[in-house]
Amino acid sequence: MTLTTNLGFPRIGPRRELKQALEAHWRGEMPATQLLDTARQLRARHWRLQREAGIDLPPSNDFSLYDQVLDTAFLFDAIPRRYRALVDAAPLAGYFAMARGLQRPGTDLHALEMTKWFDTNYHYLVPELEAGQDFALRGDAPVAQYLEARRLGIETRPVLIGPVTFLWLSKTVDGSDRFALLDRLVPAYAQLLEKLHAAGAGWVQVDEPALVLDLPEPVRDACRRAYAALAAGPRPKLMLASYFGALGDNLQLAASLPVDGLHLDLVRAPEQLEAALDALPPGRMLSLGLVDGRNVWRTRLDNALLLARYARNRVGADNLCLAPSCSLLHVPVDLEGEKALDADLKSWLSFARQKLGEVRVLADALEGRPGAEAALEDARLRFESRRTSARVHRPEVAQRLATISPALAQRGSPYPARRQAQQAALALPPYPTTTIGSFPQTRQVREARAKFKSGKLEGAAYEAFLEAQTEQCVRFQEQVGIDVLVHGEFERNDMVEYFGEQLDGFAFTRLGWVQSYGSRCVKPPIIFGDVVRPAPMTVRWSTFAQSLTARPMKGMLTGPVTVLQWSFVRDDQPRADTCRQIALALRDEVLDLEAAGIRVIQIDEPALREGLPLRRAHWDAYLEWAVECFRLCASGVDDATQIHTHMCYAEFNDIIQAVAAMDADVISIETSRSRMELLDAFARFRYPNQIGPGVYDIHSPRIPTTAEMVELLEKARKVLAPDQLWVNPDCGLKTRGWEETEVALRRMVEAAVVMRGSA
Ligand code: GLN
Ligand code: ZN
């Protein structure tokens, strides 16, 4: 019989119950016992829900109070020195302090660094290791959770992050080789496996998503060593889980490890099934990831069933598991809660709970159980309705996409000529000053928006409020002496949602929350159809702001790649095509802004880098269309209109060519924390256009001095030409307060004046 399994379930709860409990606990309003109780209730509920959805073997230990990588570090006692005393004295407080930092009189502990989990929008905490350190089993949380489920009558498969992926994702604080720690770490894993075995666990899922990456040979060696050692002891059966892509050149390695099963992501990489079937030794359990754990669409069950049947014929029903492609952490919990979504759209969607139902249907169909055929037919009808829907497919969009030519993505003149035209039009001083867009989103602003959305504040009153905020912001910038102003973005909730709400082809859920990190959740828009801009989106606010001042007002747009990257994207056409559609809609917005007298337009692309595929071999193809899309947005304007872009990170070495190919007249980047080091990439490349290297770290309440900012600018001037440089903060100011913003920006303008004087 074919087993249905799941790799992980969202832990935040259908109504973000975990978030509420965590935040109440952190505020000191909920004792730890009550928090742990909430967590236990959520786990019980999720296990039952998974069983009811038809999953034979749901996961345990996929739950976390903050992050599964932090849990793993904690479990194996990989506690950074600065946290040791606290963790030993008060483990739960220590755990949260590692995640969030701890500041109180006499103590200032910085949190572990946070970074993205593979190519998802989930962030994990980076474990800090050092040469020669020890690991030990600290407590037995995975065993306890396994037993917790068993007491409810539910047999589970505990999930562990595998030792290779764990080390891959960690960093050493002393620059030593983290894989040198493998032989110290593996015995702790072996000890845990022995305990799980003793507790009665039949299977353990060992997640090794690192196996879908380009791995250096020493890491592949480490993998062989680790699993040889783990296989030797008393242990449950091991299901080695790969996901987020093809095993590719690691397939032979994965197939040769002495484990009992292998999970494949057949949504991202269906083509690997054949090779995997050839590579796997007889008797090895094969787990097929057939339902997309990364997106919200219903599965084409007929297609998935073809793969499942093919695999069954090769390995036999008893050697087969069916599952989602990866943990369902990355999708919302339950579609049932969406009362406002229209029936069509709802019938095309599948959230975590529905996805498990799909896995069940596949298994039933494979076994020829009654009822399966009706479910397959239902899936066909849904698919047909989506495939033929006039809301999804709009001929005018397809026609327009077909007219894209290289010329459309090409500015009128090369940069040097544009530069002259822009200088003539804008007459900016050397080292021009600007900001990245948003100004403080005070409680007052957020409250007004909430009131407006809930109908407690009338449209006209809300507009008047926003106008007053915008005007204040303009006057503020004039007084501080900024050269290129912004309107402040007070009307925007979120830089993607704001645009998605105004474009056709986007839908929004009520409860479609997905964990981003810790208690933070995001509700990504769903791009379901061809993208059309029914009306201008930002012109009203940009022209209003421009009408208040003689200084240039910078229009502010979110770029196509960022909109794509932070949404659930349709799976019925290439991502590149969806991105091109967004790009064309934004191009129209750029042209409307220009026609309305806006002469500087910024197109933010903070997510360009995170869109990079996991494998290097796929980078060029991605960068090609990503750059093309930016250029499609930007290229319709006159030479004299200045196009800016913004990216809030610091690593440009490996993408500098693509960034240069975007050909923005000005790019602002985050450099203050790296002390301008990242400018080296631009300098080495002889980047020709203008750059605003951030001189003020807006992530911190700390206000830099004028001298510090001058020093940073001096450093920048050493590697770039003085007339290339702009002066601006690292990113938008939306999380800062007005007072600190005023001091910081006045000093920033002073720094620019100093630079002008010492040219
Ligand atoms: N214009 C946006 C802002 O200032 C940019 C935000 C970002 O780069 N993430 O808020
Ligand atoms: Zn930014």
# chains A, B, ... in the order shown; residues from 1 in each chain; ligands from 1
$ residues_near_ligand --ligand "ligand 2" --cutoff "8 Å" --atoms "only C-alpha atoms and all ligand atoms" --output "NGL selection string"
:A and (436 or 604 or 606 or 646-649 or 669-670 or 730-732)
$ write_last_selection --atoms "N, CA and C atoms" --output "PDB file, in the first residue's frame"
ATOM      1  N   ILE A 436      15.286  57.456   0.112  1.00  0.00           N
ATOM      2  CA  ILE A 436      14.905  56.270  -0.669  1.00  0.00           C
ATOM      3  C   ILE A 436      13.398  56.200  -0.889  1.00  0.00           C
ATOM      4  N   ASP A 604      12.099  50.709  -7.568  1.00  0.00           N
ATOM      5  CA  ASP A 604      12.805  49.907  -6.555  1.00  0.00           C
ATOM      6  C   ASP A 604      12.881  48.447  -6.967  1.00  0.00           C
ATOM      7  N   PRO A 606      14.436  45.860  -4.694  1.00  0.00           N
ATOM      8  CA  PRO A 606      15.175  45.239  -3.586  1.00  0.00           C
ATOM      9  C   PRO A 606      15.213  43.718  -3.662  1.00  0.00           C
ATOM     10  N   HIS A 646      16.732  51.229  -6.687  1.00  0.00           N
ATOM     11  CA  HIS A 646      17.237  51.059  -5.326  1.00  0.00           C
ATOM     12  C   HIS A 646      17.268  49.574  -4.982  1.00  0.00           C
ATOM     13  N   MET A 647      18.332  49.156  -4.343  1.00  0.00           N
ATOM     14  CA  MET A 647      18.443  47.767  -3.881  1.00  0.00           C
ATOM     15  C   MET A 647      19.007  47.787  -2.477  1.00  0.00           C
ATOM     16  N   CYS A 648      18.282  47.115  -1.538  1.00  0.00           N
ATOM     17  CA  CYS A 648      18.779  47.263  -0.174  1.00  0.00           C
ATOM     18  C   CYS A 648      19.645  46.099   0.242  1.00  0.00           C
ATOM     19  N   TYR A 649      20.750  45.951  -0.381  1.00  0.00           N
ATOM     20  CA  TYR A 649      21.710  44.988   0.120  1.00  0.00           C
ATOM     21  C   TYR A 649      23.067  45.371  -0.393  1.00  0.00           C
ATOM     22  N   ILE A 669      22.153  52.089  -2.999  1.00  0.00           N
ATOM     23  CA  ILE A 669      22.360  50.769  -2.401  1.00  0.00           C
ATOM     24  C   ILE A 669      22.676  50.923  -0.910  1.00  0.00           C
ATOM     25  N   GLU A 670      22.669  49.777  -0.235  1.00  0.00           N
ATOM     26  CA  GLU A 670      22.934  49.801   1.207  1.00  0.00           C
ATOM     27  C   GLU A 670      24.425  49.570   1.443  1.00  0.00           C
ATOM     28  N   ASP A 730      20.599  54.380   3.619  1.00  0.00           N
ATOM     29  CA  ASP A 730      20.633  53.010   3.095  1.00  0.00           C
ATOM     30  C   ASP A 730      19.312  52.578   2.471  1.00  0.00           C
ATOM     31  N   CYS A 731      18.202  53.026   3.064  1.00  0.00           N
ATOM     32  CA  CYS A 731      16.893  52.529   2.627  1.00  0.00           C
ATOM     33  C   CYS A 731      15.826  53.523   3.095  1.00  0.00           C
ATOM     34  N   GLY A 732      14.570  53.136   2.921  1.00  0.00           N
ATOM     35  CA  GLY A 732      13.462  54.008   3.322  1.00  0.00           C
ATOM     36  C   GLY A 732      13.426  54.219   4.835  1.00  0.00           C
TER      37      GLY A 732
END
$ closest_atom_pairs --of "chain A" --to "ligand 1" --cutoff "12 Å" --atoms "only C-alpha atoms and all ligand atoms" --output "JSON lines"
{"residue": "A:Thr434", "atom": "CA", "partner": "ligand 1", "partner_atom_place_in_ligand_line": "4 (O)", "distance": 11.1}
{"residue": "A:Thr435", "atom": "CA", "partner": "ligand 1", "partner_atom_place_in_ligand_line": "4 (O)", "distance": 7.6}
{"residue": "A:Ile436", "atom": "CA", "partner": "ligand 1", "partner_atom_place_in_ligand_line": "4 (O)", "distance": 4.5}
{"residue": "A:Gly437", "atom": "CA", "partner": "ligand 1", "partner_atom_place_in_ligand_line": "4 (O)", "distance": 3.6}
{"residue": "A:Ser438", "atom": "CA", "partner": "ligand 1", "partner_atom_place_in_ligand_line": "4 (O)", "distance": 3.8}
{"residue": "A:Phe439", "atom": "CA", "partner": "ligand 1", "partner_atom_place_in_ligand_line": "4 (O)", "distance": 7.2}
{"residue": "A:Pro440", "atom": "CA", "partner": "ligand 1", "partner_atom_place_in_ligand_line": "10 (O)", "distance": 9.3}
{"residue": "A:Gln441", "atom": "CA", "partner": "ligand 1", "partner_atom_place_in_ligand_line": "10 (O)", "distance": 9.7}
{"residue": "A:Val486", "atom": "CA", "partner": "ligand 1", "partner_atom_place_in_ligand_line": "4 (O)", "distance": 9.2}
{"residue": "A:His487", "atom": "CA", "partner": "ligand 1", "partner_atom_place_in_ligand_line": "1 (N)", "distance": 10.3}
{"residue": "A:Gly488", "atom": "CA", "partner": "ligand 1", "partner_atom_place_in_ligand_line": "4 (O)", "distance": 7.9}
{"residue": "A:Glu489", "atom": "CA", "partner": "ligand 1", "partner_atom_place_in_ligand_line": "10 (O)", "distance": 7.4}
{"residue": "A:Phe490", "atom": "CA", "partner": "ligand 1", "partner_atom_place_in_ligand_line": "10 (O)", "distance": 9.9}
{"residue": "A:Glu491", "atom": "CA", "partner": "ligand 1", "partner_atom_place_in_ligand_line": "10 (O)", "distance": 11.6}
{"residue": "A:Arg492", "atom": "CA", "partner": "ligand 1", "partner_atom_place_in_ligand_line": "10 (O)", "distance": 9.2}
{"residue": "A:Asn493", "atom": "CA", "partner": "ligand 1", "partner_atom_place_in_ligand_line": "10 (O)", "distance": 10.0}
{"residue": "A:Asp494", "atom": "CA", "partner": "ligand 1", "partner_atom_place_in_ligand_line": "10 (O)", "distance": 8.4}
{"residue": "A:Met495", "atom": "CA", "partner": "ligand 1", "partner_atom_place_in_ligand_line": "2 (C)", "distance": 6.7}
{"residue": "A:Val496", "atom": "CA", "partner": "ligand 1", "partner_atom_place_in_ligand_line": "9 (N)", "distance": 9.8}
{"residue": "A:Tyr498", "atom": "CA", "partner": "ligand 1", "partner_atom_place_in_ligand_line": "2 (C)", "distance": 11.6}
{"residue": "A:Lys554", "atom": "CA", "partner": "ligand 1", "partner_atom_place_in_ligand_line": "1 (N)", "distance": 10.4}
{"residue": "A:Gly555", "atom": "CA", "partner": "ligand 1", "partner_atom_place_in_ligand_line": "1 (N)", "distance": 9.6}
{"residue": "A:Met556", "atom": "CA", "partner": "ligand 1", "partner_atom_place_in_ligand_line": "1 (N)", "distance": 6.3}
{"residue": "A:Leu557", "atom": "CA", "partner": "ligand 1", "partner_atom_place_in_ligand_line": "1 (N)", "distance": 7.2}
{"residue": "A:Thr558", "atom": "CA", "partner": "ligand 1", "partner_atom_place_in_ligand_line": "1 (N)", "distance": 7.3}
{"residue": "A:Gly559", "atom": "CA", "partner": "ligand 1", "partner_atom_place_in_ligand_line": "5 (C)", "distance": 10.1}
{"residue": "A:Thr562", "atom": "CA", "partner": "ligand 1", "partner_atom_place_in_ligand_line": "9 (N)", "distance": 9.3}
{"residue": "A:Val563", "atom": "CA", "partner": "ligand 1", "partner_atom_place_in_ligand_line": "9 (N)", "distance": 11.3}
{"residue": "A:Trp566", "atom": "CA", "partner": "ligand 1", "partner_atom_place_in_ligand_line": "9 (N)", "distance": 11.2}
{"residue": "A:Ile601", "atom": "CA", "partner": "ligand 1", "partner_atom_place_in_ligand_line": "1 (N)", "distance": 10.9}
{"residue": "A:Gln602", "atom": "CA", "partner": "ligand 1", "partner_atom_place_in_ligand_line": "1 (N)", "distance": 8.0}
{"residue": "A:Ile603", "atom": "CA", "partner": "ligand 1", "partner_atom_place_in_ligand_line": "1 (N)", "distance": 8.2}
{"residue": "A:Asp604", "atom": "CA", "partner": "ligand 1", "partner_atom_place_in_ligand_line": "5 (C)", "distance": 6.0}
{"residue": "A:Glu605", "atom": "CA", "partner": "ligand 1", "partner_atom_place_in_ligand_line": "8 (O)", "distance": 7.0}
{"residue": "A:Pro606", "atom": "CA", "partner": "ligand 1", "partner_atom_place_in_ligand_line": "8 (O)", "distance": 5.1}
{"residue": "A:Ala607", "atom": "CA", "partner": "ligand 1", "partner_atom_place_in_ligand_line": "9 (N)", "distance": 8.2}
{"residue": "A:Leu608", "atom": "CA", "partner": "ligand 1", "partner_atom_place_in_ligand_line": "8 (O)", "distance": 10.8}
{"residue": "A:His644", "atom": "CA", "partner": "ligand 1", "partner_atom_place_in_ligand_line": "1 (N)", "distance": 10.9}
{"residue": "A:Thr645", "atom": "CA", "partner": "ligand 1", "partner_atom_place_in_ligand_line": "8 (O)", "distance": 9.3}
{"residue": "A:His646", "atom": "CA", "partner": "ligand 1", "partner_atom_place_in_ligand_line": "8 (O)", "distance": 6.2}
{"residue": "A:Met647", "atom": "CA", "partner": "ligand 1", "partner_atom_place_in_ligand_line": "8 (O)", "distance": 5.8}
{"residue": "A:Cys648", "atom": "CA", "partner": "ligand 1", "partner_atom_place_in_ligand_line": "8 (O)", "distance": 5.3}
{"residue": "A:Tyr649", "atom": "CA", "partner": "ligand 1", "partner_atom_place_in_ligand_line": "8 (O)", "distance": 8.9}
{"residue": "A:Ile667", "atom": "CA", "partner": "ligand 1", "partner_atom_place_in_ligand_line": "8 (O)", "distance": 11.5}
{"residue": "A:Ser668", "atom": "CA", "partner": "ligand 1", "partner_atom_place_in_ligand_line": "8 (O)", "distance": 9.5}
{"residue": "A:Ile669", "atom": "CA", "partner": "ligand 1", "partner_atom_place_in_ligand_line": "8 (O)", "distance": 8.9}
{"residue": "A:Glu670", "atom": "CA", "partner": "ligand 1", "partner_atom_place_in_ligand_line": "8 (O)", "distance": 9.3}
{"residue": "A:Gly694", "atom": "CA", "partner": "ligand 1", "partner_atom_place_in_ligand_line": "8 (O)", "distance": 11.7}
{"residue": "A:Ile698", "atom": "CA", "partner": "ligand 1", "partner_atom_place_in_ligand_line": "4 (O)", "distance": 10.4}
{"residue": "A:His699", "atom": "CA", "partner": "ligand 1", "partner_atom_place_in_ligand_line": "9 (N)", "distance": 11.4}
{"residue": "A:Asn728", "atom": "CA", "partner": "ligand 1", "partner_atom_place_in_ligand_line": "4 (O)", "distance": 11.2}
{"residue": "A:Pro729", "atom": "CA", "partner": "ligand 1", "partner_atom_place_in_ligand_line": "4 (O)", "distance": 9.7}
{"residue": "A:Asp730", "atom": "CA", "partner": "ligand 1", "partner_atom_place_in_ligand_line": "8 (O)", "distance": 8.7}
{"residue": "A:Cys731", "atom": "CA", "partner": "ligand 1", "partner_atom_place_in_ligand_line": "8 (O)", "distance": 5.6}
{"residue": "A:Gly732", "atom": "CA", "partner": "ligand 1", "partner_atom_place_in_ligand_line": "4 (O)", "distance": 3.1}
{"residue": "A:Leu733", "atom": "CA", "partner": "ligand 1", "partner_atom_place_in_ligand_line": "4 (O)", "distance": 6.2}
{"residue": "A:Lys734", "atom": "CA", "partner": "ligand 1", "partner_atom_place_in_ligand_line": "10 (O)", "distance": 6.0}
{"residue": "A:Thr735", "atom": "CA", "partner": "ligand 1", "partner_atom_place_in_ligand_line": "10 (O)", "distance": 8.8}
{"residue": "A:Arg736", "atom": "CA", "partner": "ligand 1", "partner_atom_place_in_ligand_line": "10 (O)", "distance": 10.9}
$ closest_atom_pairs --of "range 33-59 of chain A" --to "range 8-27 of chain A" --cutoff "7 Å" --atoms "only C-alpha atoms" --output "tab-separated table"
residue	atom	partner	partner_atom	distance
A:Leu35	CA	A:Ala21	CA	5.8
A:Ala39	CA	A:Leu18	CA	6.8
A:Leu42	CA	A:Gly13	CA	6.6
A:Pro59	CA	A:Gly8	CA	5.9
$ write_last_selection --atoms "C-alpha atoms" --output "CSV table (one decimal), in the first residue's frame"
chain,number,residue,atom,x,y,z
A,35,LEU,CA,2.6,30.0,25.6
A,39,ALA,CA,1.9,25.6,21.1
A,42,LEU,CA,-1.7,24.0,17.8
A,59,PRO,CA,5.4,15.0,10.6
$ closest_residue --among "A:Asn303, A:Gln581, A:Ser242, A:Ser60" --to "Leu290 in chain A" --atoms "only C-alpha atoms"
A:Asn303
$ closest_residue --among "A:Arg284, A:Arg631, A:Arg104, A:Lys451" --to "Pro258 in chain A" --atoms "only C-alpha atoms"
A:Arg284
$ residues_around --residues "range 80-89 of chain A" --least-positions-apart "5" --cutoff "10 Å" --atoms "only C-alpha atoms" --output "list in words"
Ala73, Phe74, Gly94, Tyr95, Phe96, Ala97, Met98, Gly101, Leu102, Asp108, Leu109, His110, Ala111, Leu112, Pro127, Glu128, Leu129, Glu130 and Val173 of chain A
$ write_last_selection --atoms "all heavy atoms" --output "tab-separated table (two decimals), in the first residue's frame"
chain	number	residue	atom	x	y	z
A	73	ALA	N	20.12	24.22	16.32
A	73	ALA	CA	21.32	24.70	17.02
A	73	ALA	C	21.16	24.49	18.53
A	73	ALA	O	22.08	24.04	19.22
A	73	ALA	CB	21.55	26.18	16.72
A	74	PHE	N	19.99	24.81	19.00
A	74	PHE	CA	19.68	24.68	20.42
A	74	PHE	C	19.76	23.22	20.85
A	74	PHE	O	20.36	22.87	21.86
A	74	PHE	CB	18.27	25.22	20.64
A	74	PHE	CG	18.08	25.84	21.98
A	74	PHE	CD1	18.55	27.11	22.24
A	74	PHE	CD2	17.43	25.14	22.98
A	74	PHE	CE1	18.36	27.70	23.48
A	74	PHE	CE2	17.25	25.71	24.22
A	74	PHE	CZ	17.71	27.00	24.47
A	94	GLY	N	16.50	32.38	26.97
A	94	GLY	CA	17.75	32.36	26.21
A	94	GLY	C	17.50	32.07	24.73
A	94	GLY	O	18.09	32.69	23.85
A	95	TYR	N	16.58	31.16	24.49
A	95	TYR	CA	16.21	30.81	23.12
A	95	TYR	C	15.68	32.04	22.38
A	95	TYR	O	16.11	32.36	21.28
A	95	TYR	CB	15.18	29.69	23.18
A	95	TYR	CG	14.51	29.32	21.86
A	95	TYR	CD1	15.09	28.38	21.01
A	95	TYR	CD2	13.29	29.89	21.50
A	95	TYR	CE1	14.46	28.03	19.81
A	95	TYR	CE2	12.66	29.54	20.31
A	95	TYR	CZ	13.24	28.61	19.47
A	95	TYR	OH	12.63	28.27	18.29
A	96	PHE	N	14.74	32.74	23.02
A	96	PHE	CA	14.17	33.92	22.36
A	96	PHE	C	15.21	35.04	22.23
A	96	PHE	O	15.18	35.80	21.27
A	96	PHE	CB	12.93	34.42	23.12
A	96	PHE	CG	11.72	33.56	22.91
A	96	PHE	CD1	10.92	33.17	23.99
A	96	PHE	CD2	11.37	33.12	21.64
A	96	PHE	CE1	9.79	32.38	23.80
A	96	PHE	CE2	10.24	32.32	21.43
A	96	PHE	CZ	9.45	31.94	22.51
A	97	ALA	N	16.11	35.11	23.21
A	97	ALA	CA	17.14	36.14	23.11
A	97	ALA	C	18.06	35.87	21.92
A	97	ALA	O	18.46	36.79	21.21
A	97	ALA	CB	17.95	36.20	24.41
A	98	MET	N	18.38	34.60	21.68
A	98	MET	CA	19.21	34.29	20.51
A	98	MET	C	18.51	34.71	19.23
A	98	MET	O	19.12	35.11	18.25
A	98	MET	CB	19.51	32.78	20.46
A	98	MET	CG	20.64	32.36	21.40
A	98	MET	SD	20.74	30.55	21.61
A	98	MET	CE	21.32	30.00	20.01
A	101	GLY	N	17.74	39.05	20.13
A	101	GLY	CA	18.65	39.93	20.84
A	101	GLY	C	18.07	40.26	22.20
A	101	GLY	O	16.91	39.97	22.49
A	102	LEU	N	18.89	40.82	23.06
A	102	LEU	CA	18.41	41.17	24.40
A	102	LEU	C	19.09	42.45	24.85
A	102	LEU	O	20.30	42.52	24.94
A	102	LEU	CB	18.71	40.04	25.38
A	102	LEU	CG	18.21	40.28	26.80
A	102	LEU	CD1	16.69	40.31	26.85
A	102	LEU	CD2	18.74	39.21	27.74
A	108	ASP	N	23.66	43.84	26.52
A	108	ASP	CA	23.32	44.16	25.13
A	108	ASP	C	23.80	43.03	24.24
A	108	ASP	O	24.93	43.01	23.79
A	108	ASP	CB	23.96	45.50	24.73
A	108	ASP	CG	23.49	45.94	23.35
A	108	ASP	OD1	22.66	45.22	22.74
A	108	ASP	OD2	23.96	46.98	22.87
A	109	LEU	N	22.92	42.04	24.07
A	109	LEU	CA	23.30	40.86	23.29
A	109	LEU	C	22.66	40.97	21.92
A	109	LEU	O	21.45	41.11	21.80
A	109	LEU	CB	22.78	39.60	23.98
A	109	LEU	CG	23.35	39.30	25.36
A	109	LEU	CD1	22.62	38.14	26.01
A	109	LEU	CD2	24.83	39.00	25.25
A	110	HIS	N	23.49	40.91	20.85
A	110	HIS	CA	22.86	40.98	19.54
A	110	HIS	C	22.37	39.61	19.10
A	110	HIS	O	22.93	38.58	19.46
A	110	HIS	CB	23.76	41.63	18.50
A	110	HIS	CG	25.04	40.92	18.26
A	110	HIS	ND1	26.19	41.22	18.92
A	110	HIS	CD2	25.34	39.91	17.43
A	110	HIS	CE1	27.15	40.43	18.51
A	110	HIS	NE2	26.67	39.61	17.60
A	111	ALA	N	21.28	39.63	18.36
A	111	ALA	CA	20.63	38.40	17.91
A	111	ALA	C	21.49	37.69	16.89
A	111	ALA	O	22.42	38.27	16.32
A	111	ALA	CB	19.28	38.74	17.29
A	112	LEU	N	21.18	36.42	16.65
A	112	LEU	CA	21.82	35.72	15.55
A	112	LEU	C	21.41	36.41	14.25
A	112	LEU	O	20.31	36.96	14.15
A	112	LEU	CB	21.39	34.26	15.49
A	112	LEU	CG	21.73	33.37	16.69
A	112	LEU	CD1	21.41	31.91	16.36
A	112	LEU	CD2	23.18	33.50	17.10
A	127	PRO	N	23.13	29.79	12.63
A	127	PRO	CA	23.87	29.33	13.81
A	127	PRO	C	25.32	29.83	13.76
A	127	PRO	O	25.91	29.91	12.69
A	127	PRO	CB	23.82	27.80	13.69
A	127	PRO	CG	22.62	27.53	12.84
A	127	PRO	CD	22.56	28.68	11.87
A	128	GLU	N	25.84	30.18	14.90
A	128	GLU	CA	27.23	30.64	15.00
A	128	GLU	C	28.07	29.54	15.63
A	128	GLU	O	27.80	29.12	16.75
A	128	GLU	CB	27.31	31.89	15.89
A	128	GLU	CG	26.68	33.12	15.26
A	128	GLU	CD	26.71	34.31	16.21
A	128	GLU	OE1	27.49	34.31	17.19
A	128	GLU	OE2	25.93	35.25	15.96
A	129	LEU	N	29.06	29.10	14.90
A	129	LEU	CA	29.92	28.01	15.38
A	129	LEU	C	31.35	28.50	15.48
A	129	LEU	O	31.69	29.54	14.93
A	129	LEU	CB	29.82	26.83	14.41
A	129	LEU	CG	28.41	26.36	14.03
A	129	LEU	CD1	28.47	25.26	12.98
A	129	LEU	CD2	27.66	25.88	15.27
A	130	GLU	N	32.20	27.74	16.18
A	130	GLU	CA	33.62	28.08	16.19
A	130	GLU	C	34.47	26.82	16.23
A	130	GLU	O	34.00	25.75	16.64
A	130	GLU	CB	33.95	29.01	17.36
A	130	GLU	CG	33.63	28.44	18.73
A	130	GLU	CD	34.00	29.42	19.84
A	130	GLU	OE1	33.25	30.39	20.01
A	130	GLU	OE2	35.02	29.17	20.52
A	173	VAL	N	32.35	31.86	13.55
A	173	VAL	CA	32.67	33.24	13.92
A	173	VAL	C	34.17	33.51	13.79
A	173	VAL	O	34.60	34.66	13.78
A	173	VAL	CB	32.20	33.57	15.36
A	173	VAL	CG1	30.69	33.67	15.40
A	173	VAL	CG2	32.69	32.53	16.36
$ closest_residue --among "A:Pro332, A:Ala53, A:Arg298, A:Leu280" --to "Ala311 in chain A" --atoms "only C-alpha atoms"
A:Leu280
$ atom_distance --atom1 "CA of Ala409 in chain A" --atom2 "CA of Ala626 in chain A"
11.7 Å
$ select_by_dssp --residues "range 223-471 of chain A" --states "helix (DSSP H, G or I)" --output "PyMOL selection string"
chain A and resi 223-232+248-256+272-279+301-315+317-319+328-330+335-337+343-348+352-366+372-388+395-402+406-409+415-426+443-453+459-471
$ residues_around --residues "Thr543 in chain A" --least-positions-apart "2" --cutoff "8 Å" --atoms "only C-alpha atoms" --output "PDB file with N, CA, C and O atoms, in the first residue's frame"
ATOM      1  N   VAL A 539       0.309  58.589  -9.785  1.00  0.00           N
ATOM      2  CA  VAL A 539       0.431  59.932 -10.363  1.00  0.00           C
ATOM      3  C   VAL A 539      -0.201  60.979  -9.448  1.00  0.00           C
ATOM      4  O   VAL A 539       0.347  62.064  -9.246  1.00  0.00           O
ATOM      5  N   ARG A 540      -1.328  60.592  -8.852  1.00  0.00           N
ATOM      6  CA  ARG A 540      -2.032  61.545  -8.014  1.00  0.00           C
ATOM      7  C   ARG A 540      -1.134  62.060  -6.878  1.00  0.00           C
ATOM      8  O   ARG A 540      -1.065  63.259  -6.634  1.00  0.00           O
ATOM      9  N   TRP A 541      -0.449  61.154  -6.192  1.00  0.00           N
ATOM     10  CA  TRP A 541       0.356  61.583  -5.039  1.00  0.00           C
ATOM     11  C   TRP A 541       1.644  62.263  -5.476  1.00  0.00           C
ATOM     12  O   TRP A 541       2.071  63.245  -4.857  1.00  0.00           O
ATOM     13  N   ALA A 545       2.475  66.180  -4.632  1.00  0.00           N
ATOM     14  CA  ALA A 545       3.702  66.558  -3.921  1.00  0.00           C
ATOM     15  C   ALA A 545       4.534  67.525  -4.765  1.00  0.00           C
ATOM     16  O   ALA A 545       5.074  68.514  -4.251  1.00  0.00           O
ATOM     17  N   GLN A 546       4.600  67.270  -6.074  1.00  0.00           N
ATOM     18  CA  GLN A 546       5.385  68.164  -6.940  1.00  0.00           C
ATOM     19  C   GLN A 546       4.778  69.567  -6.960  1.00  0.00           C
ATOM     20  O   GLN A 546       5.502  70.559  -7.038  1.00  0.00           O
ATOM     21  N   SER A 547       3.457  69.643  -6.865  1.00  0.00           N
ATOM     22  CA  SER A 547       2.803  70.961  -6.921  1.00  0.00           C
ATOM     23  C   SER A 547       3.169  71.832  -5.720  1.00  0.00           C
ATOM     24  O   SER A 547       2.958  73.032  -5.733  1.00  0.00           O
ATOM     25  N   LEU A 593       3.730  59.346 -15.264  1.00  0.00           N
ATOM     26  CA  LEU A 593       4.412  60.233 -14.316  1.00  0.00           C
ATOM     27  C   LEU A 593       5.193  61.300 -15.086  1.00  0.00           C
ATOM     28  O   LEU A 593       5.140  62.487 -14.756  1.00  0.00           O
ATOM     29  N   ALA A 596       3.094  63.887 -16.503  1.00  0.00           N
ATOM     30  CA  ALA A 596       2.531  64.769 -15.475  1.00  0.00           C
ATOM     31  C   ALA A 596       3.594  65.684 -14.878  1.00  0.00           C
ATOM     32  O   ALA A 596       3.338  66.380 -13.892  1.00  0.00           O
ATOM     33  N   GLY A 597       4.795  65.660 -15.440  1.00  0.00           N
ATOM     34  CA  GLY A 597       5.816  66.609 -15.001  1.00  0.00           C
ATOM     35  C   GLY A 597       6.802  66.075 -13.983  1.00  0.00           C
ATOM     36  O   GLY A 597       7.599  66.832 -13.425  1.00  0.00           O
ATOM     37  N   ILE A 598       6.771  64.779 -13.716  1.00  0.00           N
ATOM     38  CA  ILE A 598       7.741  64.190 -12.782  1.00  0.00           C
ATOM     39  C   ILE A 598       9.002  63.841 -13.576  1.00  0.00           C
ATOM     40  O   ILE A 598       8.933  63.085 -14.542  1.00  0.00           O
TER      41      ILE A 598
END
$ closest_residue --among "A:Val259, A:Val291, A:Leu147, A:Val392" --to "Ser327 in chain A" --atoms "only C-alpha atoms"
A:Val291
